[in-house]
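Enquirer: This structure is in structure tokens; I'll ask about it shortly.
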Amino acid sequence: MSPSRISEEPDTAAPPSKTAGTIKPSSASTRSFSSTGSRFFGMNTSMVESKFLSHPEELGIVAVGFSGGQCKPGVDAAPSALIESGLLTQLREELGYKLYGDDQVHLYTDLVPKDDPPHRNMKNPRAVSSVTRRIADQVYSHAKEGRLVLTLGGDHSIAIGTIGGTAKAIRETVGQDIAVIWVDAHADINTPETSGSGNIHGMPVSFLTGLAREDNEDFFGWLKPENRISVKKLVYIGLRDVDAGEKRILRENGIKAFSMFDIDRHGIGRVMEMALGHIGTDTPIHLSFDVDALDPMWAPSTGTPVRGGLTLREGDYICECVHETGSLVAVDLVEVNPSLAPESDIGAHETVRAGCSLRPFSVDREHTHTISSVCGSPQPSSQEVTSSAFEPDRRVLSNPLIRNTMASSTVTSGSLVYERRIVSERVHKYHWPAVQLNIWMLIMLVAACTIIGVFSTFIQIQQTLLLGVPWYFPYYITVGALTVTFIILLLWLIFQRRLLPSIVMIGGFILFVLWLVGLIVISVQLWGPSGSVSSNCNLVVFGANPQPTGQSEHTLAWLQQRSICQSWQAVFAFGVVGAIFLLWIMVIAYQVFADDS
Ligand SMILES: NC(=[NH2+])NCCC[C@H](N)C(=O)O
């Protein structure tokens, strides 16, 4: 590691300074803007209310000059390069943040042991473990103060510390678990055992989620449950180079991942809606942004570049959307490596510039309306889309030629033209109340089958007695059969995940009308003026005095007549229940429809 620093202070674990504007990037102004104490980020440009920060106008800066999570030197120089490019000055002077933090890039040299042999296939395990532990303390102290925390890396292994620190602080201050949006070309979820490289920057997520564990404090055993995150609250964006073992881990744990394939297919706007919808509106968000998520066209100077990545504008958009939620509590910007400048020095310069552009802190006021309407109210995620998020690109990933074209981008040298064709496709996910739907189907099934059964028996009796069959017997049997068919259709649609409220409303209405006609006819038969069934039953069956007993034909005939009368009553009761339940399902379908729109 060849550390670079802004000031050559030895690194200590001292808590971050509480003096505003103390980070001194080169000759940057140390002027500090006064805070109005309002709960808004970026007072000058944005009016997004922070949901979880008590001091959103304060920015805790942690500058991490550490590269031990991988083998290429230079990534430790990124914080200095970013600061020298004016990132912090802009945050302070243009966006009005009060900056908090030590006036140095931390090199953690005191924590790097001379001898650090591999452990469980991990390279530099002791150094990475103790450095990330120190970072966790630094981030924790800022987050505990209710500040937004910005960590400038360093390689992505440092996220073990940043996310570990945020998770703990937010649990203590807000009492909630954080969600993590991991923007990266890589999933970084290898366990020590699945990793092919042994580089810990490819493993941070497995330690943070508890998929990889160690008891020994020297090897991340210091990560306790309060530092961990749930796989359910983890969302990837921009993936395109995922190891086989990682794919298995993602699939087995049902982790939400939006690859470049999804971004090409749906567009970044829809992907952000789905990502934020998965997290929910009421969850603090830690955004961990690896600059290699961007296409090397914009960010070539990074350790593990992969072609076919995000445009710079898409990267900005992700940051803006997350900012717009008001749920952002911490940000990492990692893997900028100014010493890796393929072709020319412009590479390093461009990468640093891209890094500076990725600021989830402000949105132009003119943009605010458009962005709020897209990102501010996350849509429910679409299972049709995201469950397949990983599978379709397997073929693409395996073929480097195809991989390069998967972004559907065209680059013409001279003037840069980047154009992504977006196949837009609107996918709704309706939230049906499963319990109510199941109860409805069960009751309707019972009602329909009872009516079919009773009227079939009545037809047999009529035929046995050589009497004509009234039209409403077969009519009600048909209505019952249609109801059963409708329920089977609903079950099939549910199974296909295509149950639309309109189908339920139209089907429910038609059945309701048919059912109501049957109910009216039965009511007329039961209580109508001309020889009603009810009065006959009351007179002959229920009113028989004394009621016949004993083993005689008379008793058997009476019992038969009684069961006919009871069947009429049952038919009427189920007729009423059916009509009411059909009304109910129309109301449910309308609510589901209204909720979605
Ligand atoms: N943060 C990164 N750039 N990670 C790259 C990881 C590459 C590879 N999957 C590995 O585990 O080694």
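Identifiers in this document derive from the order of the structure tokens: chains are assigned A, B, ..., residues are numbered from 1 separately in each chain, and ligands are numbered from 1 in order of occurrence.
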Show me, as a list in words, the residues that have an atom within 8 Å of Val271 of chain A when counting only C-alpha atoms, minus same-chain residues fewer than 6 positions from it.
Expert: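 So, after excluding close chain neighbours, the residues are Phe258, Asp262 and Ile263 of chain A.
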Enquirer: Hey, can you spit out that residue selection with all heavy atoms as a PDB file, in the first residue's frame?
Expert:
ATOM      1  N   PHE A 258     -30.972  -6.005  -9.648  1.00  0.00           N
ATOM      2  CA  PHE A 258     -31.275  -5.458 -10.968  1.00  0.00           C
ATOM      3  C   PHE A 258     -29.977  -5.400 -11.755  1.00  0.00           C
ATOM      4  O   PHE A 258     -29.092  -4.596 -11.451  1.00  0.00           O
ATOM      5  CB  PHE A 258     -31.907  -4.075 -10.841  1.00  0.00           C
ATOM      6  CG  PHE A 258     -33.224  -4.103 -10.114  1.00  0.00           C
ATOM      7  CD1 PHE A 258     -33.285  -3.824  -8.760  1.00  0.00           C
ATOM      8  CD2 PHE A 258     -34.390  -4.452 -10.768  1.00  0.00           C
ATOM      9  CE1 PHE A 258     -34.482  -3.875  -8.078  1.00  0.00           C
ATOM     10  CE2 PHE A 258     -35.599  -4.512 -10.097  1.00  0.00           C
ATOM     11  CZ  PHE A 258     -35.640  -4.227  -8.743  1.00  0.00           C
ATOM     12  N   ASP A 262     -31.770  -5.749 -16.736  1.00  0.00           N
ATOM     13  CA  ASP A 262     -33.027  -5.127 -16.286  1.00  0.00           C
ATOM     14  C   ASP A 262     -33.071  -3.648 -16.622  1.00  0.00           C
ATOM     15  O   ASP A 262     -34.126  -3.103 -16.959  1.00  0.00           O
ATOM     16  CB  ASP A 262     -33.183  -5.315 -14.772  1.00  0.00           C
ATOM     17  CG  ASP A 262     -33.247  -6.775 -14.406  1.00  0.00           C
ATOM     18  OD1 ASP A 262     -34.120  -7.463 -14.937  1.00  0.00           O
ATOM     19  OD2 ASP A 262     -32.394  -7.236 -13.627  1.00  0.00           O
ATOM     20  N   ILE A 263     -31.898  -3.007 -16.520  1.00  0.00           N
ATOM     21  CA  ILE A 263     -31.864  -1.565 -16.807  1.00  0.00           C
ATOM     22  C   ILE A 263     -32.112  -1.336 -18.294  1.00  0.00           C
ATOM     23  O   ILE A 263     -32.837  -0.432 -18.688  1.00  0.00           O
ATOM     24  CB  ILE A 263     -30.531  -0.963 -16.323  1.00  0.00           C
ATOM     25  CG1 ILE A 263     -30.470  -1.060 -14.796  1.00  0.00           C
ATOM     26  CG2 ILE A 263     -30.394   0.494 -16.767  1.00  0.00           C
ATOM     27  CD1 ILE A 263     -29.136  -0.783 -14.183  1.00  0.00           C
TER      28      ILE A 263
END
Enquirer: Could you list, as a VMD selection string, all residues that come within 6 Å of ligand 1? Count only C-alpha atoms and all ligand atoms.
Expert: chain A and resid 156 186 188 190 195 197 199 201 to 202 243 304
Enquirer: If you run DSSP on the backbone here, which positions in segment 164-339 of chain A get strand (DSSP E)? Please write them as a ChimeraX atom specification.
Expert: /A:179-183,234-239,256-259,285-290,328-334
Enquirer: With a distance cut-off of 8 Å and only C-alpha atoms, select the neighbouring residues of segment 170-175 of chain A, excluding the residue or stretch itself and same-chain residues fewer than 6 positions from it, and output the selection as a list in words.
Expert: Phe52, Ala143, Lys144, Gly146, Glu226 and Pro284 of chain A
Enquirer: In terms of the shortest atom-to-atom distance over only C-alpha atoms, which of A:Arg120, A:Ser552, A:Glu320, A:Asp295 is closest to Glu214 of chain A?
Expert: A:Arg120
Enquirer: Can you list every residue of segment 427-476 of chain A that has an atom at most 12 Å from segment 485-499 of chain A, with its nearest atom pair and the distance in Å to one decimal, using only C-alpha atoms, ordered by chain then number, as a Markdown table?
Expert:
| residue | atom | partner | partner_atom | distance |
| --- | --- | --- | --- | --- |
| A:Val427 | CA | A:Arg498 | CA | 10.7 |
| A:His428 | CA | A:Arg498 | CA | 9.5 |
| A:Lys429 | CA | A:Arg497 | CA | 8.8 |
| A:Tyr430 | CA | A:Leu499 | CA | 8.0 |
| A:His431 | CA | A:Leu499 | CA | 10.0 |
| A:Trp432 | CA | A:Leu499 | CA | 8.7 |
| A:Pro433 | CA | A:Ile494 | CA | 11.9 |
| A:Ala434 | CA | A:Ile494 | CA | 10.1 |
| A:Leu437 | CA | A:Leu490 | CA | 9.8 |
| A:Asn438 | CA | A:Leu491 | CA | 9.6 |
| A:Ile439 | CA | A:Ile487 | CA | 11.8 |
| A:Trp440 | CA | A:Ile487 | CA | 9.5 |
| A:Met441 | CA | A:Ile487 | CA | 6.4 |
| A:Leu442 | CA | A:Ile487 | CA | 9.1 |
| A:Ile443 | CA | A:Ile487 | CA | 10.7 |
| A:Met444 | CA | A:Ile487 | CA | 8.2 |
| A:Leu445 | CA | A:Ile487 | CA | 7.5 |
| A:Val446 | CA | A:Ile487 | CA | 11.3 |
| A:Ala448 | CA | A:Thr485 | CA | 10.3 |
| A:Cys449 | CA | A:Thr485 | CA | 11.4 |
Enquirer: Nearest residue to Asn124 of chain A out of A:Gln90, A:Ser67, A:Thr151, A:Ser141, using only C-alpha atoms?
Expert: A:Ser67
Enquirer: Would you kindly return, as a PyMOL selection string, each protein, DNA or RNA residue with an atom no farther than 12 Å from any atom of Phe572 of chain A, considering only C-alpha atoms and excluding same-chain residues fewer than 6 positions away?
Expert: chain A and resi 447-448+450-451+454-455+476+515-516+518-527+533-534+565-566+578-579
Enquirer: Would you please work out which residue, of A:Thr283, A:Ser85, A:Ser288, A:Ser259, is nearest to Ile158 of chain A when using only C-alpha atoms?
Expert: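 Checking each of A:Thr283, A:Ser85, A:Ser288, A:Ser259 against Ile158 of chain A, counting only C-alpha atoms, the winner is A:Ser288.
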Enquirer: Just checking: using only C-alpha atoms, which residue out of A:Ala78, A:Leu583, A:Val541, A:Ala136 ends up closest to Ala557 of chain A?
Expert: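 Using only C-alpha atoms, the shortest distance to Ala557 of chain A belongs to A:Val541.
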